[in-house]
file run-v3.cif (mmCIF, C-alpha atoms)
data_coords
loop_
_atom_site.label_atom_id
_atom_site.label_comp_id
_atom_site.auth_asym_id
_atom_site.auth_seq_id
_atom_site.Cartn_x
_atom_site.Cartn_y
_atom_site.Cartn_z
CA MET A 1083 -33.79 -10.30 24.80
CA THR A 1084 -35.65 -7.75 22.69
CA ARG A 1085 -34.49 -6.87 19.19
CA ASP A 1086 -33.22 -3.46 20.33
CA GLU A 1087 -31.23 -5.03 23.18
CA ALA A 1088 -29.62 -7.43 20.70
CA PHE A 1089 -29.02 -4.58 18.23
CA LEU A 1090 -27.26 -2.58 20.95
CA GLN A 1091 -25.01 -5.56 21.76
CA PHE A 1092 -24.21 -5.99 18.08
CA LEU A 1093 -23.27 -2.29 17.73
CA LEU A 1094 -21.08 -2.43 20.84
CA ARG A 1095 -19.30 -5.46 19.40
CA MET A 1096 -18.56 -3.61 16.17
CA GLY A 1097 -17.59 -0.34 17.87
CA ASP A 1098 -15.54 -1.90 20.67
CA ASN A 1099 -13.50 -3.93 18.16
CA THR A 1100 -12.52 -0.80 16.25
CA LEU A 1101 -12.05 1.26 19.43
CA ILE A 1102 -9.75 -1.20 21.21
CA LEU A 1103 -7.79 -2.14 18.11
CA GLY A 1104 -7.53 1.56 17.18
CA HIS A 1105 -6.12 2.28 20.63
CA ARG A 1106 -3.67 -0.63 20.48
CA VAL A 1107 -2.42 0.39 17.05
CA SER A 1108 -2.07 4.02 18.16
CA GLU A 1109 0.34 2.84 20.88
CA TRP A 1110 2.92 2.51 18.08
CA CYS A 1111 2.79 6.22 17.36
CA GLY A 1112 6.37 7.48 17.60
CA HIS A 1113 7.79 3.97 18.16
CA SER A 1114 7.61 2.22 14.77
CA PRO A 1115 10.69 0.75 13.13
CA VAL A 1116 10.66 3.36 10.34
CA LEU A 1117 8.85 6.65 9.80
CA GLU A 1118 6.64 5.37 6.95
CA GLU A 1119 5.37 2.50 9.11
CA ASP A 1120 4.74 4.88 11.97
CA ILE A 1121 2.55 7.02 9.73
CA ALA A 1122 0.81 3.98 8.27
CA LEU A 1123 -0.06 2.60 11.72
CA ALA A 1124 -1.26 6.01 12.94
CA ASN A 1125 -3.46 6.37 9.84
CA THR A 1126 -4.92 2.90 10.34
CA ALA A 1127 -5.65 3.72 13.99
CA LEU A 1128 -7.32 6.96 12.90
CA ASP A 1129 -9.64 5.15 10.48
CA LEU A 1130 -10.58 2.66 13.20
CA ILE A 1131 -11.31 5.38 15.77
CA GLY A 1132 -13.38 7.21 13.15
CA GLN A 1133 -15.41 4.09 12.48
CA THR A 1134 -15.85 3.72 16.25
CA GLN A 1135 -17.58 7.11 16.36
CA PHE A 1136 -20.14 5.85 13.86
CA TRP A 1137 -20.79 2.50 15.57
CA LEU A 1138 -20.85 3.78 19.14
CA GLY A 1139 -22.76 6.90 18.07
CA LEU A 1140 -25.48 4.64 16.67
CA ALA A 1141 -25.28 2.46 19.81
CA GLY A 1142 -26.03 5.57 21.89
CA GLU A 1143 -28.97 6.39 19.62
CA VAL A 1144 -30.41 2.87 19.91
CA GLN A 1145 -29.87 2.82 23.67
CA GLY A 1146 -31.87 6.06 23.91
CA ASP A 1147 -30.31 7.42 27.12
CA GLY A 1148 -28.73 10.40 25.38
CA LYS A 1149 -25.22 8.95 25.58
CA SER A 1150 -22.62 10.04 23.04
CA ALA A 1151 -19.98 7.82 21.43
CA ASP A 1152 -17.45 9.43 23.80
CA ASP A 1153 -19.56 8.61 26.87
CA ILE A 1154 -19.73 4.97 25.79
CA ALA A 1155 -16.02 4.77 25.00
CA PHE A 1156 -14.70 6.47 28.11
CA LEU A 1157 -17.18 5.75 30.88
CA ARG A 1158 -17.66 1.99 30.77
CA ASP A 1159 -15.66 -0.59 32.65
CA VAL A 1160 -14.01 -3.82 31.47
CA TRP A 1161 -17.08 -6.04 31.82
CA ASP A 1162 -19.15 -3.70 29.61
CA PHE A 1163 -16.81 -4.08 26.63
CA ARG A 1164 -17.79 -6.41 23.79
CA ASN A 1165 -14.65 -6.53 21.67
CA LEU A 1166 -12.93 -9.72 20.54
CA LEU A 1167 -10.05 -10.87 22.75
CA LEU A 1168 -7.82 -10.75 19.64
CA VAL A 1169 -7.85 -6.94 19.54
CA GLU A 1170 -7.01 -6.40 23.22
CA VAL A 1171 -3.88 -8.58 23.42
CA PRO A 1172 -0.69 -6.50 23.69
CA ASN A 1173 1.04 -5.46 20.49
CA GLY A 1174 4.18 -7.55 20.92
CA ASP A 1175 6.72 -6.76 18.23
CA PHE A 1176 5.97 -5.04 14.92
CA GLY A 1177 5.44 -8.42 13.23
CA ARG A 1178 2.86 -9.56 15.74
CA THR A 1179 1.02 -6.23 15.47
CA LEU A 1180 0.78 -6.64 11.70
CA MET A 1181 -0.19 -10.32 11.97
CA ARG A 1182 -3.01 -9.39 14.37
CA GLN A 1183 -4.03 -6.59 11.99
CA PHE A 1184 -4.14 -9.03 9.08
CA LEU A 1185 -6.16 -11.64 11.01
CA PHE A 1186 -8.62 -8.91 12.01
CA ASP A 1187 -8.72 -7.05 8.66
CA ALA A 1188 -9.55 -10.28 6.81
CA TRP A 1189 -12.56 -10.87 9.07
CA HIS A 1190 -13.50 -7.17 9.13
CA SER A 1191 -13.58 -6.84 5.33
CA ILE A 1192 -15.78 -9.93 4.93
CA GLN A 1193 -18.10 -8.83 7.75
CA LEU A 1194 -18.49 -5.29 6.31
CA GLY A 1195 -19.19 -6.75 2.87
CA HIS A 1196 -22.24 -8.49 4.37
CA LEU A 1197 -23.25 -5.48 6.47
CA MET A 1198 -23.44 -3.30 3.36
CA LYS A 1199 -26.58 -5.32 2.56
CA SER A 1200 -28.02 -4.88 6.06
CA SER A 1201 -31.76 -4.31 6.42
CA ASP A 1202 -30.90 -1.36 8.69
CA GLU A 1203 -29.85 1.47 6.42
CA ARG A 1204 -27.74 3.17 9.11
CA VAL A 1205 -25.68 -0.02 9.49
CA ALA A 1206 -25.41 -0.35 5.71
CA ALA A 1207 -24.19 3.26 5.37
CA ILE A 1208 -21.47 2.84 8.04
CA ALA A 1209 -20.38 -0.44 6.45
CA GLU A 1210 -20.22 1.16 3.00
CA LYS A 1211 -17.99 3.92 4.34
CA ALA A 1212 -15.78 1.67 6.50
CA SER A 1213 -15.33 -1.06 3.89
CA LYS A 1214 -13.37 1.29 1.61
CA GLU A 1215 -10.90 2.03 4.40
CA VAL A 1216 -10.70 -1.59 5.49
CA ALA A 1217 -9.95 -2.80 1.95
CA TYR A 1218 -6.90 -0.53 2.12
CA HIS A 1219 -5.92 -1.84 5.58
CA LEU A 1220 -6.18 -5.43 4.37
CA GLU A 1221 -4.08 -4.77 1.30
CA ARG A 1222 -1.32 -3.33 3.46
CA SER A 1223 -1.43 -5.86 6.31
CA ALA A 1224 -1.53 -8.79 3.85
CA ASP A 1225 1.44 -7.38 1.89
CA THR A 1226 3.42 -6.85 5.09
CA VAL A 1227 2.63 -10.35 6.41
CA VAL A 1228 3.86 -11.81 3.10
CA GLY A 1229 6.94 -9.55 3.08
CA LEU A 1230 7.96 -10.46 6.62
CA GLY A 1231 6.88 -14.11 6.50
CA ASP A 1232 8.75 -14.70 3.27
CA GLY A 1233 11.60 -12.45 4.38
CA THR A 1234 14.72 -13.15 6.39
CA GLU A 1235 15.19 -16.14 8.68
CA GLU A 1236 14.50 -13.95 11.69
CA SER A 1237 11.43 -12.18 10.30
CA HIS A 1238 10.02 -15.56 9.19
CA ARG A 1239 10.55 -17.04 12.66
CA ARG A 1240 8.94 -14.05 14.36
CA MET A 1241 5.91 -14.13 12.04
CA GLN A 1242 5.39 -17.86 12.63
CA GLU A 1243 5.61 -17.26 16.40
CA SER A 1244 3.08 -14.43 16.04
CA LEU A 1245 0.68 -16.65 14.11
CA ASP A 1246 1.07 -19.46 16.69
CA TYR A 1247 0.41 -17.00 19.52
CA LEU A 1248 -2.61 -15.29 17.91
CA TRP A 1249 -4.26 -18.31 16.30
CA PRO A 1250 -6.21 -19.35 19.44
CA TYR A 1251 -7.91 -15.92 19.33
CA VAL A 1252 -9.21 -16.33 15.77
CA GLY A 1253 -12.07 -18.72 16.55
CA GLU A 1254 -14.00 -16.18 18.63
CA MET A 1255 -14.82 -14.20 15.47
CA PHE A 1256 -17.01 -17.07 14.26
CA GLN A 1257 -18.91 -17.94 17.43
CA SER A 1258 -22.64 -17.31 17.29
CA ASP A 1259 -25.00 -16.66 20.18
CA GLU A 1260 -28.56 -15.38 20.77
CA VAL A 1261 -27.55 -11.82 19.84
CA ASP A 1262 -26.39 -13.05 16.43
CA ALA A 1263 -29.53 -15.17 15.99
CA GLU A 1264 -31.66 -12.07 16.58
CA MET A 1265 -29.55 -10.02 14.11
CA VAL A 1266 -29.86 -12.74 11.47
CA ALA A 1267 -33.63 -12.91 11.98
CA ALA A 1268 -33.88 -9.13 11.57
CA GLY A 1269 -31.67 -9.19 8.45
CA ILE A 1270 -29.30 -6.75 10.14
CA ALA A 1271 -26.13 -8.87 10.23
CA PRO A 1272 -24.88 -12.26 9.04
CA ASP A 1273 -24.35 -15.31 11.24
CA PRO A 1274 -20.65 -15.11 12.30
CA ALA A 1275 -20.19 -18.85 11.70
CA SER A 1276 -21.21 -18.38 8.05
CA LEU A 1277 -18.13 -16.19 7.40
CA ARG A 1278 -15.60 -18.91 8.27
CA ASP A 1279 -15.24 -20.49 4.82
CA ASP A 1280 -14.52 -17.17 3.08
CA TYR A 1281 -12.13 -16.26 5.88
CA ASP A 1282 -10.23 -19.53 5.73
CA ALA A 1283 -9.91 -19.28 1.95
CA LEU A 1284 -8.51 -15.76 2.20
CA ILE A 1285 -6.01 -16.31 5.00
CA THR A 1286 -4.88 -19.71 3.67
CA ARG A 1287 -3.91 -18.07 0.40
CA ILE A 1288 -2.04 -15.15 1.99
CA LEU A 1289 -0.32 -17.22 4.68
CA ALA A 1290 0.83 -19.72 2.05
CA ASP A 1291 2.40 -16.81 0.12
CA ALA A 1292 4.01 -15.78 3.40
CA THR A 1293 5.46 -19.35 3.74
CA LEU A 1294 3.78 -19.63 7.15
CA THR A 1295 2.03 -22.68 8.62
CA ILE A 1296 -1.46 -22.34 10.09
CA PRO A 1297 -1.52 -24.22 13.44
CA ASP A 1298 -3.46 -27.46 13.32
CA SER A 1299 -5.86 -26.58 16.14
CA ARG A 1300 -9.35 -25.16 16.36
CA PHE A 1301 -9.09 -24.39 20.08
CA GLY A 1302 -10.30 -20.88 20.68
CA HIS A 1303 -10.26 -18.51 23.64
CA LYS A 1304 -13.60 -16.78 24.14
CA GLY A 1305 -15.40 -14.33 26.37
CA GLY A 1306 -14.59 -10.99 24.73
CA ARG A 1307 -17.58 -10.45 22.45
CA THR A 1308 -19.97 -11.63 25.17
CA GLY A 1309 -18.11 -9.65 27.87
CA LYS A 1310 -18.02 -12.73 30.12
CA MET A 1311 -14.23 -13.01 30.41
CA HIS A 1312 -11.81 -10.46 29.01
CA THR A 1313 -8.06 -10.95 29.35
CA GLU A 1314 -6.25 -9.04 32.09
CA HIS A 1315 -4.81 -6.80 29.36
CA LEU A 1316 -8.04 -4.90 28.69
CA GLY A 1317 -8.15 -3.34 32.16
CA HIS A 1318 -4.62 -2.03 31.77
CA LEU A 1319 -5.49 -0.60 28.37
CA LEU A 1320 -8.58 1.17 29.76
CA THR A 1321 -6.68 2.77 32.63
CA GLN A 1322 -4.55 4.49 30.03
CA MET A 1323 -7.32 5.24 27.51
CA GLN A 1324 -9.86 6.49 30.05
CA TRP A 1325 -7.79 8.13 32.77
CA LEU A 1326 -8.44 11.70 31.69
CA GLN A 1327 -12.24 11.36 31.66
CA ARG A 1328 -12.04 9.44 34.94
CA ALA A 1329 -9.84 12.02 36.64
CA TYR A 1330 -11.64 15.06 35.18
CA PRO A 1331 -15.18 13.91 34.33
CA GLY A 1332 -16.78 15.76 31.43
CA SER A 1333 -13.69 17.75 30.54
CA ASN A 1334 -13.33 18.72 26.89
CA TRP A 1335 -11.38 21.12 24.70
CA MET B 206 -43.61 37.68 10.56
CA SER B 207 -42.72 38.99 7.22
CA GLN B 208 -39.35 38.61 5.67
CA LEU B 209 -38.48 41.46 3.41
CA GLN B 210 -35.20 40.09 2.25
CA GLU B 211 -35.26 37.28 -0.28
CA LYS B 212 -33.50 34.08 0.73
CA PRO B 213 -30.24 33.60 -1.17
CA SER B 214 -30.61 31.04 -3.93
CA VAL B 215 -29.09 27.58 -3.68
CA THR B 216 -26.84 28.46 -6.65
CA GLN B 217 -25.60 31.49 -4.72
CA ILE B 218 -24.80 29.31 -1.69
CA TRP B 219 -22.85 26.84 -3.86
CA GLU B 220 -20.81 29.80 -5.06
CA TRP B 221 -20.11 30.90 -1.49
CA LEU B 222 -18.97 27.42 -0.51
CA GLU B 223 -16.83 27.28 -3.65
CA ALA B 224 -14.73 29.95 -1.91
CA VAL B 225 -14.21 27.94 1.30
CA PRO B 226 -10.80 26.20 1.18
CA ASP B 227 -10.11 22.70 2.45
CA PRO B 228 -8.29 23.20 5.78
CA GLU B 229 -5.52 20.71 4.97
CA ILE B 230 -5.11 21.34 1.22
CA PRO B 231 -6.06 25.01 0.96
CA VAL B 232 -5.59 25.23 -2.81
CA ILE B 233 -8.83 23.33 -3.38
CA SER B 234 -12.27 24.26 -2.13
CA LEU B 235 -14.72 22.09 -0.24
CA VAL B 236 -16.85 22.00 -3.41
CA ASP B 237 -13.82 20.87 -5.50
CA LEU B 238 -13.23 18.10 -2.97
CA GLY B 239 -16.77 16.84 -3.58
CA ILE B 240 -17.79 16.61 0.06
CA ILE B 241 -20.74 19.02 -0.11
CA ARG B 242 -23.49 16.64 -1.20
CA ASP B 243 -26.64 18.72 -1.02
CA ILE B 244 -27.85 22.21 -0.22
CA LYS B 245 -31.50 22.96 0.30
CA TRP B 246 -33.94 25.25 2.01
CA ASN B 247 -36.55 23.86 4.39
CA ASP B 248 -38.72 26.93 4.94
CA ASP B 249 -36.25 29.40 6.40
CA THR B 250 -33.66 26.82 7.51
CA LEU B 251 -30.78 26.00 5.23
CA THR B 252 -29.63 22.36 5.26
CA VAL B 253 -26.17 21.46 4.01
CA ALA B 254 -25.29 17.76 3.68
CA VAL B 255 -21.58 17.05 4.14
CA THR B 256 -19.88 13.68 3.71
CA PRO B 257 -16.59 12.81 5.44
CA THR B 258 -13.57 11.89 3.28
CA TYR B 259 -12.20 9.39 5.82
CA SER B 260 -14.06 8.21 8.94
CA GLY B 261 -11.42 9.53 11.32
CA CYS B 262 -10.29 12.56 9.38
CA PRO B 263 -9.55 15.20 12.03
CA ALA B 264 -10.34 17.94 9.51
CA THR B 265 -14.05 17.01 9.56
CA SER B 266 -14.95 19.19 12.55
CA ILE B 267 -12.88 22.10 11.20
CA ILE B 268 -14.64 21.75 7.84
CA ASN B 269 -18.05 21.96 9.52
CA LEU B 270 -16.90 25.02 11.45
CA ASP B 271 -15.59 26.68 8.27
CA ILE B 272 -18.88 26.05 6.44
CA GLU B 273 -20.83 27.48 9.32
CA THR B 274 -18.60 30.57 9.61
CA ALA B 275 -18.73 31.26 5.86
CA LEU B 276 -22.51 31.00 5.68
CA ARG B 277 -23.09 33.04 8.85
CA ASP B 278 -20.82 35.74 7.38
CA HIS B 279 -23.17 35.82 4.38
CA GLY B 280 -26.12 36.36 6.68
CA ILE B 281 -27.53 32.81 6.92
CA GLU B 282 -29.03 32.56 10.38
CA LYS B 283 -30.79 29.23 10.51
CA LEU B 284 -28.36 26.59 9.42
CA GLN B 285 -28.34 22.83 9.83
CA LEU B 286 -25.31 20.71 8.91
CA LYS B 287 -26.14 17.10 8.19
CA ARG B 288 -23.62 14.26 8.06
CA GLN B 289 -24.31 12.07 5.06
CA LEU B 290 -22.46 8.72 5.00
CA SER B 291 -24.09 7.11 1.98
CA PRO B 292 -23.17 7.11 -0.84
CA ALA B 293 -19.63 6.99 0.56
CA TRP B 294 -17.23 9.68 -0.63
CA THR B 295 -15.14 8.75 -3.63
CA THR B 296 -12.26 10.58 -5.27
CA ASP B 297 -14.34 10.42 -8.48
CA TRP B 298 -16.14 13.45 -7.01
CA LEU B 299 -13.05 15.63 -7.14
CA SER B 300 -13.69 18.31 -9.76
CA ASP B 301 -11.39 18.59 -12.81
CA LYS B 302 -10.47 22.04 -11.58
CA GLY B 303 -9.59 20.55 -8.19
CA ARG B 304 -7.44 17.82 -9.79
CA ALA B 305 -5.48 20.38 -11.81
CA LYS B 306 -4.95 22.55 -8.72
CA LEU B 307 -3.73 19.58 -6.71
CA GLU B 308 -1.05 18.79 -9.26
CA GLU B 309 -0.01 22.41 -9.46
CA TYR B 310 0.35 22.40 -5.66
CA GLY B 311 2.60 19.31 -5.80
CA ILE B 312 0.09 16.57 -4.97
CA ALA B 313 -0.45 13.95 -7.69
CA PRO B 314 -4.22 13.60 -8.30
CA PRO B 315 -5.91 10.16 -7.83
CA GLN B 316 -5.89 7.68 -10.73
CA PRO B 317 -8.09 4.61 -11.15
CA ALA B 318 -4.90 2.60 -11.78
CA GLY B 319 -4.08 3.08 -8.09
CA GLY B 320 -0.89 5.11 -8.47
CA PRO B 321 0.10 8.54 -9.77
CA GLU B 322 0.29 9.06 -13.51
CA ARG B 323 3.40 11.24 -13.24
CA CYS B 324 5.59 13.24 -10.89
CA PRO B 325 3.79 16.54 -10.08
CA ASN B 326 7.15 18.37 -10.13
CA CYS B 327 8.92 17.22 -13.32
CA HIS B 328 6.12 15.17 -14.97
CA SER B 329 8.30 12.05 -15.28
CA ASN B 330 6.48 8.70 -15.33
CA ASN B 331 9.34 7.05 -13.48
CA VAL B 332 7.81 7.03 -9.98
CA THR B 333 7.83 4.53 -7.07
CA LYS B 334 5.73 4.05 -3.97
CA VAL B 335 7.36 4.75 -0.60
CA SER B 336 4.33 4.04 1.60
CA GLN B 337 0.63 3.36 1.11
CA PHE B 338 -0.04 6.04 3.72
CA GLY B 339 1.08 9.65 3.92
CA SER B 340 0.82 12.91 5.80
CA THR B 341 -2.99 12.87 5.94
CA PRO B 342 -5.52 9.99 5.68
CA CYS B 343 -6.27 10.87 2.05
CA LYS B 344 -2.68 10.67 0.80
CA ALA B 345 0.06 8.12 0.06
CA HIS B 346 3.78 8.77 -0.13
CA TRP B 347 5.64 8.44 -3.49
CA ARG B 348 9.00 9.40 -4.95
CA CYS B 349 10.17 10.45 -8.40
CA GLN B 350 13.15 8.45 -9.67
CA ASP B 351 14.19 11.19 -12.10
CA CYS B 352 14.05 14.47 -10.17
CA LEU B 353 14.38 12.47 -6.89
CA GLU B 354 11.70 14.58 -5.17
CA PRO B 355 9.34 12.88 -2.73
CA PHE B 356 5.68 13.79 -3.25
CA ASP B 357 2.17 13.14 -1.97
CA TYR B 358 -0.29 11.13 -4.02
CA PHE B 359 -4.01 11.62 -3.39
CA LYS B 360 -5.28 8.05 -2.80
CA CYS B 361 -7.99 6.81 -5.13
CA ILE B 362 -11.00 5.48 -3.22
#
call {"tool": "encode", "arguments": {"input": "run-v3.cif", "output": "structure tokens"}}
result
Amino acid sequence: MTRDEAFLQFLLRMGDNTLILGHRVSEWCGHSPVLEEDIALANTALDLIGQTQFWLGLAGEVQGDGKSADDIAFLRDVWDFRNLLLVEVPNGDFGRTLMRQFLFDAWHSIQLGHLMKSSDERVAAIAEKASKEVAYHLERSADTVVGLGDGTEESHRRMQESLDYLWPYVGEMFQSDEVDAEMVAAGIAPDPASLRDDYDALITRILADATLTIPDSRFGHKGGRTGKMHTEHLGHLLTQMQWLQRAYPGSNW
Amino acid sequence: MSQLQEKPSVTQIWEWLEAVPDPEIPVISLVDLGIIRDIKWNDDTLTVAVTPTYSGCPATSIINLDIETALRDHGIEKLQLKRQLSPAWTTDWLSDKGRAKLEEYGIAPPQPAGGPERCPNCHSNNVTKVSQFGSTPCKAHWRCQDCLEPFDYFKCI
């Protein structure tokens, strides 16, 4: 694997995470429990889709085939996607959506903090921009997880069930492979495994405030960031996200 | 090829852009908003560096279109718009004039403390947060406890 091939994989991983999570979160538009939450989720989705344009735009540049961020987002199939399994699982209820957001935001903010010091100045610039938005996402998702976890009997039960359901998807964020080794060697990105201690410290503190119990298991589903085995849910998501470009190739307005 | 007409000065171009309103908050200009980062001539091509407020802000493409239209109307033919991500936009770049206009319009200007200083309608300090997000990516939703009016707060980033 050449450095550019690894770099492309790294950029797809970053951009596909924000694209797929942005799409999932946007599914709440018009359906949230209250208007303010509806707006908050739509704004979060918008930030994530905006960040996707930067990551996938750079991926297209590195790939060198003249592909735009839109081409990459709308014209690839399931096995080409490099997002974490965590971001493709269905939303579930509002609590599970916010728990997933928190588990992702915590990782995202730590990852972007490292990427701001990337040896590649384009990566550093995107990370600098995105980290401001993600700090805001994390503040909100952490507050909501605490509010619902330490809320009523029902909201507490639902948040604990959400954490139990999502926990097996957390480990994939910290798995390293040859792509990561190449990125570390080039000084472009940190080793995912090296982020685990900061992550655990952050989520342990917030989840304790939320009176929730972290499951005592390190078992982790994997296959998303390598593209080897996505869940069945991603294909369903893509049929909805991509249908227009598939049915009317190249259409725009 | 000889060009008889002098190129407009960079100062002149800043003045022209000072007159281009933000598409979502038309009381402030793009210059007040602090998103025009650099204007320079490379030979006979004018380069304008623009930074986005929020990554996904849908106004970004309209803003670029408005800049282009304004400068073409002033006779600029060769124009290049450049997206500049770093340094990332901060509300510190809002001009004092822009901040005053925001408040006058009913939007509380950003404060380092993270919340509005006072209600833009009645100037009471008795205000509470309704939501961290609002009608556009750059705003949060607050309410005055005295005059009871809801209002937008320009988020500080």
call {"tool": "resolve_selection", "arguments": {"input": "run-v3.cif", "expression": "the PyMOL selection byres ((chain B and resi 235) around 9)", "output": "PyMOL selection string"}}
result
chain B and resi 222-228+233-234+236-241+268+272
call {"tool": "closest_residue", "arguments": {"input": "run-v3.cif", "among": "A:Arg1158, A:Lys1304, A:Arg1287, A:Lys1214", "to": "chain B", "atoms": "only C-alpha atoms"}}
result
A:Lys1214
call {"tool": "resolve_selection", "arguments": {"input": "run-v3.cif", "expression": "the PyMOL selection byres ((chain A) within 10 of (chain B))", "output": "count of residues only"}}
result
37
call {"tool": "resolve_selection", "arguments": {"input": "run-v3.cif", "expression": "the PyMOL selection byres ((chain A and resi 1199) around 10)", "output": "list in words"}}
result
Leu1194, Gly1195, His1196, Leu1197, Met1198, Ser1200, Ser1201, Asp1202, Glu1203, Val1205, Ala1206, Ala1207, Ala1209, Glu1210, Gly1269, Ile1270, Ala1271 and Pro1272 of chain A
call {"tool": "residues_around", "arguments": {"input": "run-v3.cif", "residues": "A:Asp1187", "least_positions_apart": "6", "cutoff": "8 Å", "atoms": "only C-alpha atoms", "output": "VMD selection string"}}
result
chain A and resid 1216 1219 to 1220 1223
call {"tool": "atom_distance", "arguments": {"input": "run-v3.cif", "atom1": "atom CA of B:Ala264", "atom2": "atom CA of A:Ala1188"}}
result
28.4 Å
call {"tool": "axis_aligned_box", "arguments": {"input": "run-v3.cif", "around": "stretch 328-345 of chain B", "padding_each_side": "6 Å", "output": "lines of an AutoDock Vina configuration file"}}
result
center_x = 1.5
center_y = 9.3
center_z = -4.7
size_x = 27.6
size_y = 23.8
size_z = 33.3
call {"tool": "residues_around", "arguments": {"input": "run-v3.cif", "residues": "B:Thr216", "least_positions_apart": "3", "cutoff": "12 Å", "atoms": "only C-alpha atoms", "output": "list in words"}}
result
Lys212, Pro213, Trp219, Glu220, Trp221, Leu222, Glu223, Asp243, Ile244, Lys245 and Trp246 of chain B
call {"tool": "atom_distance", "arguments": {"input": "run-v3.cif", "atom1": "atom CA of A:Leu1138", "atom2": "atom CA of A:Ser1114"}}
result
28.8 Å
call {"tool": "residues_near_point", "arguments": {"input": "run-v3.cif", "point": "(3.6, 20.2, -7.9)", "cutoff": "9 Å", "atoms": "all atoms listed in the file", "output": "ChimeraX atom specification"}}
result
/B:306-313,324-327,356
call {"tool": "atom_distance", "arguments": {"input": "run-v3.cif", "atom1": "atom CA of A:Asn1173", "atom2": "atom CA of A:Val1160"}}
result
18.7 Å
call {"tool": "closest_residue", "arguments": {"input": "run-v3.cif", "among": "A:Trp1249, A:Trp1137, A:Tyr1330, A:Trp1325", "to": "A:Asp1159", "atoms": "only C-alpha atoms"}}
result
A:Trp1325
call {"tool": "residues_around", "arguments": {"input": "run-v3.cif", "residues": "A:Asp1098", "least_positions_apart": "6", "cutoff": "7 Å", "atoms": "all atoms listed in the file", "output": "MDAnalysis selection string"}}
result
chainID A and resid 1163:1165
call {"tool": "closest_residue", "arguments": {"input": "run-v3.cif", "among": "A:Met1083, A:Gly1139, A:Arg1182, A:Gly1305", "to": "A:Asp1153", "atoms": "only C-alpha atoms"}}
result
A:Gly1139
call {"tool": "residues_around", "arguments": {"input": "run-v3.cif", "residues": "A:Pro1331", "least_positions_apart": "3", "cutoff": "12 Å", "atoms": "only C-alpha atoms", "output": "VMD selection string"}}
result
chain A and resid 1152 to 1153 1156 to 1157 1324 to 1328 1334
call {"tool": "residues_around", "arguments": {"input": "run-v3.cif", "residues": "A:Asp1280", "least_positions_apart": "2", "cutoff": "12 Å", "atoms": "all atoms listed in the file", "output": "PyMOL selection string"}}
result
chain A and resi 1188-1193+1195-1196+1256+1274-1278+1282-1287
